[in-house]
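> I have a structure here, written as structure tokens, and I will follow up with some questions on it.
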Amino acid sequence: MLAMDQGVVEEWLSEFKTLPDSAISTYAVSLKDKGALVPALYKVIRENYSDLLEPVCHQLFEFYRSGVPQLQRFTLQFLPELLWSFLSVSAARDPHTSGCIEALLLGIYNLEIVDKDGQSKILSFTVPSLSKPSVYHEPSAIGSIALTEGALANHGQSRVVYSGPHLQRETFNAQNRFEVLTFLLLCYNAALSYMTTTSLQSLCQLSSRVCICGYPRQQMRRYKGISTRLTVTSEFLVQLITGIHYALCNGEVEVGSKALDDVLYRAQLELFPEALLVGNAIKSSLHGAALKSNNKEGTRSIQVEITPTSSRISRNAVTSLSIRGHRWKRHDAVDLGSPDELMDISEVDEGDWPVGLGSDMTPPTITISNSVTTLNLGIKAIKKCRLGGRSSKDKEAGPLTAVRAASESAELSVKRLTLTSSQSVPKAGALTSLTRTASAVFSRSFEQVNSGNGPAGNHVASEAGRYSCSLQEDGMGYLSPMPNHTQRSPSISIHLGSDL
Amino acid sequence: MTTRKSGSRLETEIERCRSEGQWDKIPELVRQLSAKLISNDDLGELLLGECKLQVYLKENPIKQGSSPRGPRLKLVEVRKHLTAALDRGNLKPDYLQEASLLMAKLCYVEAEFREALGHYGRVNLDEMQLAGAPVYRLSMIAEAYATKGTKTHPQNSGSPSSSRSTTDREQEIITCYEKSGDIALLYLQEAEKVSGIQNRSPKPGPTTQEQELGYFLETGLQRAHVIHFKNGNLTQGVGRFREILRAVETRTTQNLRMTIARQLAEILLRGMCEQSYWSPLEDPPAVSPLDDPTRQGHIYIKNYSLSRSPRLYSGENLFCPQENTEEALLLLLISESMANRDAVLSRIPEHNNDRIISLQSASVVYDLLTIALGRRGQYEMLSECLERAMKFAFEEFHLWYQLALSLMAAGKSARAVKVLKECIRLKPDDPTIPLLAVKLCIGPLHWLDEGEMFAKMVIDMGEKAAEFRAKGYLAIGLVYSLKATDASLRSSQEEYQRKALGAFQRAQSLSPTDHLAAFYLALQLAVSRQIPEALGYVRQALQLQGDDVHSLHLLALLLSAQKHYHDALNIIEMALSEYPENFNLLYTKVKLEAMCRGPEEALLTCKHMLQIWKSFYNLTNPSDSGRGSSLLDRAIADRRQLNAMTLPDFSDPETGSVHATSIAASRVEQALSEVASSLQSSAPKHGPIHPWMTLAQIWLHAAEVYIGMSKPAEAAACTQEAANLFPTSHNVLYMRGQIAELKGNIEEAKRWYEEALSINPTHVKTMQRLGLILHQLQRYSLSEKVLRDAVQVNSTAHDVWNSLGEVLQAQGNAAAATECFLTALELEASSPILPFTIIPRAL
């Protein structure tokens with residue numbers, strides 16, 4: 001360490017001590033003009049054995065404790081570097097040197113987990129719901145499509161705790177280490193916009209090192225520090241990814257993408273679904289966006305362009321929206337009518353399938369061109385699913401569940417076989433709209449077949465033939481295309497599995 | 001032939017056609033008009049000029065990014081009409097303004113920018129009335145502002161003009177665009193109201209013609225925020241986005257809203273944090289880190305107000321986000337609903353492109369949703385959202401994989417495995433996917449056959465699996481190891497143990513730096529009672545990962561198997577200093593303490609566990625702390641009692657327990673159905689154990705200590721606490737049997753044991769006790785059968801062998817008895833204080 005750096009740090013140490021309380025806020029603002037200070041402090045933290053480390057840590061803690069936002073952020077910017085210093089020392093099982101860093105980290109943690117009244121802080125947020133009006137939308141305009149069962153089940157917003165309450169910690173141990181560090185990263189991420197590029201780079205570096213040390217990739221990255229593997233948790237990786245994402249989008253493309261790759265590599269090895277999920281999403285969402293690497297301080301790569309406002313999807317393509325229009329327009333014949341009728345159906349569920357129902361609805365008989373097979377689907381298939389759904393369920397499962405299970409599986413079969421979307425089916429009206437959709441959809445798609453009469457038509461038919469519907473756990477079915485691609489005859493099989 | 005219309009009706013009709021853009025009807029109306037009044041000739045010229053210009057623009061739309069192309073032949077006529085209308089000056093002031101605006105637009109289309117500006121100079125746009133103006137005029141004004149902004153645009157920004165005036169100019173331009181955008185929104189809202197499609201029911205007929213925005217309005221709506229972002233002025237850009245989004249949606253703005261909502265969500269997630277966020281209804285902060293500090297001079301101040309603004313969403317209890325994730329989520333949910341609506345479902349080749357577009361726009365939204373919800377740990381909701389993405393997902397690996405991961409993170413394991421199967425089909429070369437499936441199969445699902453299949457997939461990949469190959473062997477080793485524990489026949493048990501050992505050895509040799517491979521190898525050796533070898537590998541594991549809790553635990557158990565109880569206790573205490581809240585370690589500690597330091601110490605540890613449990617549970621469920629308190633408070637009732645070394649007094653069941661029981665019962669109902677009333681202290685489930693199960697286990701451990709102290713009353717009280725939580729647990733019943741035995745009620749004990757076995761027929765400890773009792777009752781052959789069954793289930797239980805020997809001896813079968821005693825002796829020499837299988841096995 002150069003004498004000059006040492007001088008700068010020492011001056012900083014003494015200056016703050018003599019500061020009167022009234023001058024703190026102006027001092028906080030003036031901090032960022034001290035150009036040589038921050039690099040000098042980084043050096044102190046990196047050189048673990050420096051005599052200055054202890055007073056520096058102490059003063060950083062004082063900054064944090066002052067409660068002045070600028071001072072707190074000044075401390076926070078060193079967090080990635082401090083974390084790495086702490087982790088590498090504890091991995092090397094040399095517990096004596098990192099004492100003051102440990103104390104600083106625990107100090108920040110213990111300050112942050114309580115609010116100003118000393119109560120445990122609980123971080124929560126509201127999960128917005130489309131079924132409640134907001135400043136950006138009106139539920140009626142969204143239409144039923146977004147109101148899935150899930151949304152209906154928890155009608156309205158719900159408040160969800162995402163962090164806290166946390167216990168006060170006096171020491172680090174293997175059990176609480178990552179719990180504390182994850183929370184510290186959460187605090188860091190909450191102030192990301194205020195972090196300097198150096199700090200963001202340091203975060204990316206920390207992420208890479210934590211993830212690859214001790215693994216074969218370490219050689220690839222040519223990092224020669226410690227080579228013991230560090231245990232990590234999925235939550236910790238998710239917090240790291242959040243910071244990396246910000247860095248990636250705000251000028252640190254190179255280190256950022258390296259870090260993201262390394263975290264994903266580790267998440268794969270550890271089989272952490274959470275980290276993989278978020279990491280994959282970031283990778284995929286940035287795939288199209290051209291990220292500009294800019295070295296200039298403060299350049300953001302967030303850019304928007306004027307986009308055409310008209311729909312880019314051609315009018316005659318069958319979409320979820322258009323198919324709904326068809327349903328209403330053409331298939332009044334199979335309309336079951338009032339929801340009251342439906343209630344009856346679900347109530348008589350214990351008995352046999354109401355016979356009267358069949359007379360109301362003629363199952364659409366569909367003939368496919370170039371094929372002798374006649375598909376007779378619709379209500380029969382649904383009935384079959386329904387019975388299967390019930391038999392595979394617990395006897396105690398209410399009638400509604402059975403109907404729902406059936407409707408879901410049948411609906412999904414419809415979805416895949418032909419071209420509809422998963423409709424949001426209001427529970428009571430499940431069957432009505434389902435049959436509507438089913439019949440509408442069947443006739444619609446096969447109309448195309450009929451009119452197509454060529455290779456295109458064939459395509460749909462064979463496509464349809466390749467799926468089988470299976471009823472699976474929780475009564476939720478989904479489809480998997482059968483591996484047999486050569487099968488051409490449009491037969492539809494319904495397997496009922498009871499993987500409960 | 002059209003019927004002649006009276007003057008005012010005709011004017012209304014003209015206004016309607018202009019507002020609805022039915023330009024083809026205008027010439028006919030003009031013909032009717034000219035037959036009426038002389039002074040309307042000029043108006044006719046205006047209308048003809050307008051309609052021809054509009055038709056031209058419809059046929060030759062100006063594209064964003066390209067500049068207008070100069071004079072066109074077709075436009076000559078337009079110019080003639082408009083010049084005629086303007087020149088005579090007979091028009092009413094309103095119409096005169098319109099004519100000027102149209103002329104300016106024409107000039108713009110013909111790339112005569114200077115002239116266009118001249119025409120604008122004649123009209124004071126700011127003074128044109130917005131209130132009460134016909135709908136078409138709103139559009140005209142909006143377009144005029146947009147064109148004005150475009151032309152004021154500094155064409156060559158490189159010119160070193162004084163920065164002050166550049167800033168002013170920029171300010172003026174942005175104001176033009178923002179006004180244009182606001183009026184455009186107002187226009188679209190009004191137009192929709194007029195044409196009566198405001199009431200959009202969920203049946204949007206394909207017949208309703210979609211109005212298109214056209215170049216000018218598109219520019220007006222979007223250019224302002226584009227400039228903000230280009231200038232690095234995020235605060236203003238976000239503000240503008242919000243203004244547009246808060247305006248009530250119209251059919252025409254749907255796509256724009258979807259794009260903007262997504263872009264705003266992107267900015268919220270990529271460029272903002274909790275501390276730099278401000279809510280849509282708040283004023284933006286004066287200084288924000290979001291704005292480019294190098295362009296401080298370009299701060300734009302909104303300084304206009306329109307006499308009429310677009311309608312905003314309003315009403316009571318409007319949800320207004322308070323945090324960036326909340327806002328991002330709201331916007332993404334809105335975008336998602338729109339993206340879903342546009343999902344192209346047909347799979348015919350003609351619609352390939354449409355499908356790709358709809359897939360892309362949806363994928364972006366789903367990726368952003370994943371980022372937002374993942375950050376907040378809301379995997380349950382995320383899995384529901386991604387489920388909706390499945391209509392796009394045919395053969396789309398990314399969407400399938402993300403769904404699988406979200407299901408896994410949400411704990412919906414069975415479904416996750418099924419989706420993972422589809423992922424494997426789509427991407428058979430990726431070893432991670434089958435490994436994730438194995439993780440679920442051997443973890444929460446306990447589907448060992450499926451797990452074996454997935455693990456074999458990884459192994460079959462061979463060298464291609466690279467670093468994952470060792471993981472594959474580890475996985476299959478775990479599957480075999482678990483199968484060995486489950487197997488009821490000794491031969492198959494041994495077969496699986498052998499296979500497991502082989503797999504772990506392979507994994508260890510492939511990845512010698514992986515502590516897990518060494519650890520599981522050690523564990524497997526320990527289970528097969530090869531204690532010294534196991535010790536070697538567990539040391540190796542600890543060298544690689546010094547603070548691994550399971551390795552430390554195994555080391556302690558191995559030491560206890562060698563009867564080094566004090567060393568084992570030291571190891572446990574060391575492990576506890578790193579993992580003070582690990583109940584598994586604490587259970588072992590109780591056992592070891594009872595052995596080395598006497599039951600009083602063990603009871604203290606039980607008490608300590610209850611305290612940990614309380615602090616743990618109180619914290620994780622702050623809202624419930626009031627409800628469950630009675631039980632908990634009683635659990636640690638009084639510190640003074642601690643000195644008396646007894647657990648809290650339960651003598652008065654009326655006062656507290658009723659309340660606690662009812663709560664516990666309702667709480668545990670779900671847990672009960674899940675665990676099927678089996679409370680396996682010997683093999684705790686991996687993952688978050690239900691807190692009530694932990695509590696019950698603590699009580700049972702305390703009961704056991706009391707039994708060891710021959711204190712049946714206290715033991716019964718502890719068991720009762722556990723029974724309140726899990727009345728049908730076989731462990732509770734087994735404990736009751738032991739208490740009855742302690743009291744000397746052999747018949748009662750037998751009844752309890754039988755009940756325990758009816759719930760869990762393979763509970764070896766119960767079988768052993770029952771065998772002993774039957775022996776005492778001199779029902780030797782039945783006793784022998786029970787004990788032989790027990791040996792089948794667990795061939796390493798030395799006390800069962802011992803009891804079996806006694807029974808055989810009593811029956812006079814001395815030779816067989818000797819063999820049993822010898823086996824018991826041999827096994828006892830390597831028996832740990834708690835079964836090795838107490839250590840969870842998971843990937």
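Naming scheme: A, B, ... for chains in displayed order of the structure tokens; residues 1 onward per chain; ligands 1 onward as shown.
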Hey, what does DSSP flag as helix (DSSP H, G or I) within region 43-235 of chain A? Can you give it to me as a compact mmCIF listing (two decimals) with N, CA and C atoms, in the first residue's frame?


```txt
# COMPACT_ATOMS: atom_id res chain seq x y z
N LYS A 43 -8.37 -0.85 -1.31
CA LYS A 43 -7.08 -1.49 -1.08
C LYS A 43 -6.98 -1.98 0.35
N VAL A 44 -7.43 -1.18 1.27
CA VAL A 44 -7.37 -1.57 2.68
C VAL A 44 -8.15 -2.87 2.90
N ILE A 45 -9.35 -2.94 2.29
CA ILE A 45 -10.17 -4.12 2.52
C ILE A 45 -9.54 -5.35 1.87
N ARG A 46 -8.95 -5.15 0.69
CA ARG A 46 -8.36 -6.29 0.00
C ARG A 46 -7.14 -6.82 0.75
N LEU A 53 -7.23 -1.70 8.65
CA LEU A 53 -8.51 -2.38 8.43
C LEU A 53 -9.47 -2.17 9.58
N GLU A 54 -8.95 -2.31 10.79
CA GLU A 54 -9.87 -2.22 11.92
C GLU A 54 -10.50 -0.83 12.06
N PRO A 55 -9.68 0.23 12.08
CA PRO A 55 -10.33 1.55 12.16
C PRO A 55 -11.24 1.84 10.97
N VAL A 56 -10.87 1.36 9.80
CA VAL A 56 -11.72 1.61 8.63
C VAL A 56 -13.07 0.93 8.82
N CYS A 57 -13.04 -0.34 9.22
CA CYS A 57 -14.30 -1.05 9.45
C CYS A 57 -15.13 -0.32 10.49
N HIS A 58 -14.45 0.11 11.52
CA HIS A 58 -15.16 0.79 12.58
C HIS A 58 -15.84 2.05 12.06
N GLN A 59 -15.08 2.80 11.27
CA GLN A 59 -15.66 4.04 10.76
C GLN A 59 -16.79 3.78 9.76
N LEU A 60 -16.63 2.72 8.96
CA LEU A 60 -17.71 2.39 8.02
C LEU A 60 -18.98 2.05 8.80
N PHE A 61 -18.79 1.37 9.91
CA PHE A 61 -19.96 1.05 10.73
C PHE A 61 -20.57 2.32 11.31
N GLU A 62 -19.70 3.24 11.75
CA GLU A 62 -20.21 4.52 12.26
C GLU A 62 -21.03 5.24 11.20
N PHE A 63 -20.54 5.20 9.99
CA PHE A 63 -21.27 5.80 8.87
C PHE A 63 -22.65 5.18 8.77
N TYR A 64 -22.66 3.87 8.85
CA TYR A 64 -23.94 3.19 8.66
C TYR A 64 -24.89 3.53 9.79
N ARG A 65 -24.31 3.59 11.00
CA ARG A 65 -25.15 3.81 12.15
C ARG A 65 -25.71 5.23 12.18
N SER A 66 -25.04 6.16 11.51
CA SER A 66 -25.48 7.55 11.54
C SER A 66 -26.89 7.69 10.96
N PRO A 69 -28.57 8.78 4.77
CA PRO A 69 -28.58 7.89 3.61
C PRO A 69 -27.27 7.90 2.82
N GLN A 70 -26.70 9.08 2.60
CA GLN A 70 -25.47 9.12 1.80
C GLN A 70 -24.34 8.36 2.48
N LEU A 71 -24.26 8.49 3.80
CA LEU A 71 -23.20 7.79 4.53
C LEU A 71 -23.45 6.28 4.50
N GLN A 72 -24.71 5.89 4.64
CA GLN A 72 -25.02 4.47 4.60
C GLN A 72 -24.64 3.88 3.25
N ARG A 73 -24.96 4.62 2.20
CA ARG A 73 -24.62 4.13 0.87
C ARG A 73 -23.12 4.08 0.65
N PHE A 74 -22.43 5.02 1.28
CA PHE A 74 -20.97 5.00 1.17
C PHE A 74 -20.43 3.69 1.73
N THR A 75 -20.99 3.28 2.86
CA THR A 75 -20.56 2.00 3.43
C THR A 75 -20.99 0.83 2.55
N LEU A 76 -22.23 0.91 2.09
CA LEU A 76 -22.78 -0.21 1.31
C LEU A 76 -21.98 -0.50 0.05
N LEU A 79 -19.72 -3.31 0.29
CA LEU A 79 -20.25 -4.59 0.76
C LEU A 79 -19.75 -5.78 -0.04
N PRO A 80 -19.80 -5.76 -1.39
CA PRO A 80 -19.31 -6.94 -2.12
C PRO A 80 -17.87 -7.29 -1.76
N GLU A 81 -17.04 -6.25 -1.66
CA GLU A 81 -15.64 -6.49 -1.35
C GLU A 81 -15.49 -7.07 0.07
N LEU A 82 -16.29 -6.52 0.98
CA LEU A 82 -16.24 -7.02 2.36
C LEU A 82 -16.69 -8.47 2.44
N LEU A 83 -17.76 -8.77 1.68
CA LEU A 83 -18.27 -10.14 1.68
C LEU A 83 -17.20 -11.10 1.19
N TRP A 84 -16.54 -10.71 0.12
CA TRP A 84 -15.53 -11.62 -0.44
C TRP A 84 -14.39 -11.82 0.55
N SER A 85 -13.98 -10.71 1.13
CA SER A 85 -12.90 -10.79 2.10
C SER A 85 -13.29 -11.74 3.23
N PHE A 86 -14.50 -11.59 3.71
CA PHE A 86 -14.98 -12.42 4.81
C PHE A 86 -15.06 -13.89 4.39
N LEU A 87 -15.65 -14.13 3.21
CA LEU A 87 -15.85 -15.52 2.78
C LEU A 87 -14.52 -16.21 2.51
N SER A 88 -13.60 -15.49 1.88
CA SER A 88 -12.35 -16.16 1.54
C SER A 88 -11.56 -16.47 2.81
N VAL A 89 -11.63 -15.58 3.77
CA VAL A 89 -10.92 -15.84 5.02
C VAL A 89 -11.56 -16.99 5.77
N SER A 90 -12.89 -17.02 5.81
CA SER A 90 -13.52 -18.10 6.57
C SER A 90 -13.36 -19.44 5.85
N ALA A 91 -13.22 -19.39 4.52
CA ALA A 91 -12.98 -20.64 3.81
C ALA A 91 -11.58 -21.15 4.10
N GLY A 99 -11.93 -10.67 11.94
CA GLY A 99 -12.76 -10.26 13.07
C GLY A 99 -13.48 -8.95 12.88
N CYS A 100 -12.77 -7.94 12.38
CA CYS A 100 -13.43 -6.63 12.29
C CYS A 100 -14.40 -6.57 11.12
N ILE A 101 -14.07 -7.30 10.05
CA ILE A 101 -15.03 -7.34 8.94
C ILE A 101 -16.29 -8.04 9.38
N GLU A 102 -16.10 -9.16 10.10
CA GLU A 102 -17.24 -9.88 10.64
C GLU A 102 -18.10 -8.96 11.48
N ALA A 103 -17.44 -8.21 12.35
CA ALA A 103 -18.18 -7.32 13.24
C ALA A 103 -18.94 -6.27 12.44
N LEU A 104 -18.31 -5.75 11.41
CA LEU A 104 -18.96 -4.75 10.58
C LEU A 104 -20.20 -5.34 9.91
N LEU A 105 -20.04 -6.53 9.32
CA LEU A 105 -21.16 -7.14 8.61
C LEU A 105 -22.30 -7.44 9.57
N LEU A 106 -21.96 -8.01 10.72
CA LEU A 106 -23.01 -8.31 11.70
C LEU A 106 -23.65 -7.04 12.20
N GLY A 107 -22.82 -5.99 12.35
CA GLY A 107 -23.37 -4.71 12.81
C GLY A 107 -24.41 -4.17 11.85
N ILE A 108 -24.07 -4.17 10.56
CA ILE A 108 -25.04 -3.67 9.57
C ILE A 108 -26.29 -4.53 9.60
N TYR A 109 -26.07 -5.84 9.67
CA TYR A 109 -27.22 -6.77 9.69
C TYR A 109 -28.13 -6.46 10.87
N ASN A 110 -27.53 -6.35 12.05
CA ASN A 110 -28.35 -6.13 13.23
C ASN A 110 -29.04 -4.78 13.21
N LEU A 111 -28.45 -3.81 12.54
CA LEU A 111 -29.13 -2.51 12.40
C LEU A 111 -30.30 -2.62 11.44
N GLU A 112 -30.10 -3.39 10.38
CA GLU A 112 -31.11 -3.41 9.32
C GLU A 112 -32.31 -4.28 9.64
N PRO A 139 -60.52 -3.80 -14.22
CA PRO A 139 -60.67 -5.26 -14.38
C PRO A 139 -61.55 -5.64 -15.56
N SER A 140 -62.58 -4.85 -15.82
CA SER A 140 -63.51 -5.26 -16.87
C SER A 140 -62.83 -5.29 -18.24
N ALA A 141 -61.86 -4.42 -18.43
CA ALA A 141 -61.23 -4.35 -19.74
C ALA A 141 -60.31 -5.53 -20.00
N ILE A 142 -59.83 -6.13 -18.94
CA ILE A 142 -58.89 -7.24 -19.12
C ILE A 142 -59.63 -8.46 -19.65
N SER A 144 -62.07 -11.92 -19.22
CA SER A 144 -62.02 -13.08 -18.32
C SER A 144 -60.72 -13.84 -18.45
N ILE A 145 -59.99 -13.58 -19.51
CA ILE A 145 -58.85 -14.45 -19.81
C ILE A 145 -57.81 -14.47 -18.70
N ALA A 146 -57.62 -13.32 -18.07
CA ALA A 146 -56.58 -13.28 -17.06
C ALA A 146 -57.09 -13.74 -15.71
N GLU A 149 -58.35 -19.42 -12.37
CA GLU A 149 -58.82 -19.90 -11.08
C GLU A 149 -57.94 -19.37 -9.96
N GLY A 150 -56.66 -19.34 -10.24
CA GLY A 150 -55.74 -18.87 -9.21
C GLY A 150 -56.09 -17.46 -8.79
N ALA A 151 -56.32 -16.62 -9.80
CA ALA A 151 -56.63 -15.23 -9.51
C ALA A 151 -57.96 -15.12 -8.79
N LEU A 152 -58.89 -15.98 -9.17
CA LEU A 152 -60.20 -15.91 -8.53
C LEU A 152 -60.13 -16.41 -7.10
N ALA A 153 -59.30 -17.41 -6.92
CA ALA A 153 -59.22 -18.02 -5.60
C ALA A 153 -58.76 -17.00 -4.57
N ARG A 177 -24.55 -18.11 8.51
CA ARG A 177 -23.67 -17.29 7.67
C ARG A 177 -24.41 -16.78 6.43
N PHE A 178 -25.01 -17.71 5.68
CA PHE A 178 -25.62 -17.27 4.43
C PHE A 178 -26.96 -16.60 4.63
N GLU A 179 -27.59 -16.88 5.74
CA GLU A 179 -28.81 -16.16 6.06
C GLU A 179 -28.49 -14.68 6.23
N VAL A 180 -27.43 -14.40 6.97
CA VAL A 180 -27.03 -13.01 7.21
C VAL A 180 -26.56 -12.38 5.90
N LEU A 181 -25.71 -13.10 5.18
CA LEU A 181 -25.17 -12.52 3.95
C LEU A 181 -26.26 -12.28 2.92
N THR A 182 -27.23 -13.18 2.84
CA THR A 182 -28.33 -12.99 1.91
C THR A 182 -29.10 -11.72 2.25
N PHE A 183 -29.32 -11.53 3.53
CA PHE A 183 -30.04 -10.33 3.93
C PHE A 183 -29.23 -9.07 3.63
N LEU A 184 -27.93 -9.15 3.83
CA LEU A 184 -27.09 -7.99 3.53
C LEU A 184 -27.14 -7.67 2.04
N LEU A 185 -27.12 -8.70 1.22
CA LEU A 185 -27.23 -8.46 -0.23
C LEU A 185 -28.57 -7.84 -0.58
N LEU A 186 -29.59 -8.26 0.13
CA LEU A 186 -30.91 -7.67 -0.10
C LEU A 186 -30.86 -6.16 0.16
N CYS A 187 -30.18 -5.78 1.24
CA CYS A 187 -30.04 -4.35 1.53
C CYS A 187 -29.24 -3.65 0.43
N TYR A 188 -28.19 -4.31 0.00
CA TYR A 188 -27.37 -3.75 -1.07
C TYR A 188 -28.20 -3.57 -2.33
N ASN A 189 -28.97 -4.61 -2.67
CA ASN A 189 -29.78 -4.54 -3.89
C ASN A 189 -30.83 -3.44 -3.81
N ALA A 190 -31.27 -3.13 -2.61
CA ALA A 190 -32.27 -2.07 -2.48
C ALA A 190 -31.67 -0.70 -2.78
N LEU A 192 -29.19 -0.35 -5.21
CA LEU A 192 -28.36 -0.56 -6.41
C LEU A 192 -28.14 0.69 -7.25
N SER A 193 -29.19 1.50 -7.38
CA SER A 193 -29.06 2.67 -8.25
C SER A 193 -27.99 3.64 -7.78
N TYR A 194 -27.66 3.55 -6.49
CA TYR A 194 -26.70 4.50 -5.95
C TYR A 194 -25.28 3.96 -5.97
N THR A 197 -19.77 2.17 -10.33
CA THR A 197 -19.39 1.07 -11.23
C THR A 197 -18.38 0.15 -10.54
N THR A 198 -17.48 0.72 -9.80
CA THR A 198 -16.49 -0.11 -9.11
C THR A 198 -17.19 -1.11 -8.20
N SER A 199 -18.19 -0.63 -7.51
CA SER A 199 -18.90 -1.50 -6.59
C SER A 199 -19.62 -2.61 -7.35
N LEU A 200 -20.24 -2.25 -8.47
CA LEU A 200 -20.94 -3.24 -9.26
C LEU A 200 -19.97 -4.27 -9.81
N GLN A 201 -18.81 -3.79 -10.26
CA GLN A 201 -17.80 -4.73 -10.75
C GLN A 201 -17.36 -5.67 -9.64
N SER A 202 -17.19 -5.10 -8.48
CA SER A 202 -16.77 -5.90 -7.34
C SER A 202 -17.83 -6.95 -7.01
N LEU A 203 -19.10 -6.59 -7.17
CA LEU A 203 -20.18 -7.56 -6.94
C LEU A 203 -20.10 -8.71 -7.94
N CYS A 204 -19.86 -8.36 -9.20
CA CYS A 204 -19.77 -9.40 -10.22
C CYS A 204 -18.59 -10.32 -9.93
N GLN A 205 -17.49 -9.73 -9.51
CA GLN A 205 -16.31 -10.51 -9.20
C GLN A 205 -16.58 -11.45 -8.03
N LEU A 206 -17.23 -10.89 -7.02
CA LEU A 206 -17.59 -11.71 -5.86
C LEU A 206 -18.43 -12.90 -6.31
N SER A 207 -19.44 -12.63 -7.16
CA SER A 207 -20.33 -13.70 -7.62
C SER A 207 -19.54 -14.79 -8.32
N SER A 208 -18.67 -14.37 -9.24
CA SER A 208 -17.89 -15.36 -9.97
C SER A 208 -17.06 -16.20 -9.01
N ARG A 209 -16.36 -15.54 -8.14
CA ARG A 209 -15.43 -16.28 -7.27
C ARG A 209 -16.16 -17.22 -6.33
N VAL A 210 -17.24 -16.74 -5.72
CA VAL A 210 -17.98 -17.59 -4.79
C VAL A 210 -18.43 -18.86 -5.51
N CYS A 211 -18.81 -18.68 -6.78
CA CYS A 211 -19.41 -19.80 -7.48
C CYS A 211 -18.40 -20.78 -8.05
N ILE A 212 -17.22 -20.34 -8.41
CA ILE A 212 -16.33 -21.25 -9.14
C ILE A 212 -15.17 -21.77 -8.31
N ARG A 217 -14.00 -25.01 -13.27
CA ARG A 217 -14.07 -23.75 -14.02
C ARG A 217 -13.09 -22.71 -13.49
N GLN A 218 -12.63 -22.92 -12.27
CA GLN A 218 -11.71 -21.94 -11.70
C GLN A 218 -10.47 -21.77 -12.58
N GLN A 219 -9.99 -22.87 -13.14
CA GLN A 219 -8.82 -22.79 -14.01
C GLN A 219 -9.13 -21.96 -15.25
N MET A 220 -10.36 -22.18 -15.77
CA MET A 220 -10.77 -21.45 -16.97
C MET A 220 -10.75 -19.95 -16.72
N ARG A 221 -11.18 -19.56 -15.54
CA ARG A 221 -11.24 -18.13 -15.22
C ARG A 221 -9.90 -17.60 -14.74
N SER A 234 -29.34 -21.27 -2.33
CA SER A 234 -30.04 -20.82 -3.53
C SER A 234 -30.48 -19.36 -3.38
N GLU A 235 -30.93 -19.00 -2.20
CA GLU A 235 -31.42 -17.64 -1.98
C GLU A 235 -30.27 -16.64 -2.15
```

> Which residues come within 9 Å of Ala817 (chain B), counting only C-alpha atoms, excluding same-chain residues fewer than 3 positions away, as a ChimeraX atom specification?

/B:802,804-810,812-814,820-822

> So that I can see what lies close to Asp342 (chain B), please list as a list in words the residues with an atom at most 9 Å from it, counting only C-alpha atoms and leaving out residues fewer than 2 positions away in the same chain.

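Near neighbours after the sequence-gap exclusion: Ile313, Val318, Thr319, Ser320, Leu321 and Ser322 of chain A; Ser337, Met338, Ala339, Asn340, Val344, Leu345, Ser358 and Ala362 of chain B.
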
> Excluding Lys80 (chain B) and its own-chain neighbours fewer than 4 positions away, which residues fall within 10 Å of it when counting only C-alpha atoms? Please give them as a list of chain:residue names.

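Residues near the query, excluding close chain neighbours: B:Glu45, B:Leu46, B:Leu48, B:Gly49, B:Leu75, B:Val76, B:Ala84, B:Ala85, B:Leu86.
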
> Work out how far CA of Glu274 (chain A) is from CA of Gly374 (chain B), in Å to one decimal.

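Going from CA of Gly374 (chain B) over to CA of Glu274 (chain A), I get 7.0 Å.
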
> So that I can check the surroundings of Tyr780 (chain B), please list as a count of residues only every protein, DNA and RNA residue that reaches within 7 Å of it, counting only C-alpha atoms and ignoring chain neighbours fewer than 5 positions away.

4

> So, counting only C-alpha atoms, which residue among A:Tyr42, A:Trp12, A:Tyr162, A:Phe125 is closest to Tyr379 (chain B)?

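Checking each candidate against Tyr379 (chain B), we get A:Tyr162 as the closest.
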
> Taking into account only C-alpha atoms, which residue in the set A:His166, A:Lys132, A:Ala275, A:Val161 is nearest to Asp115 (chain A)?

A:His166
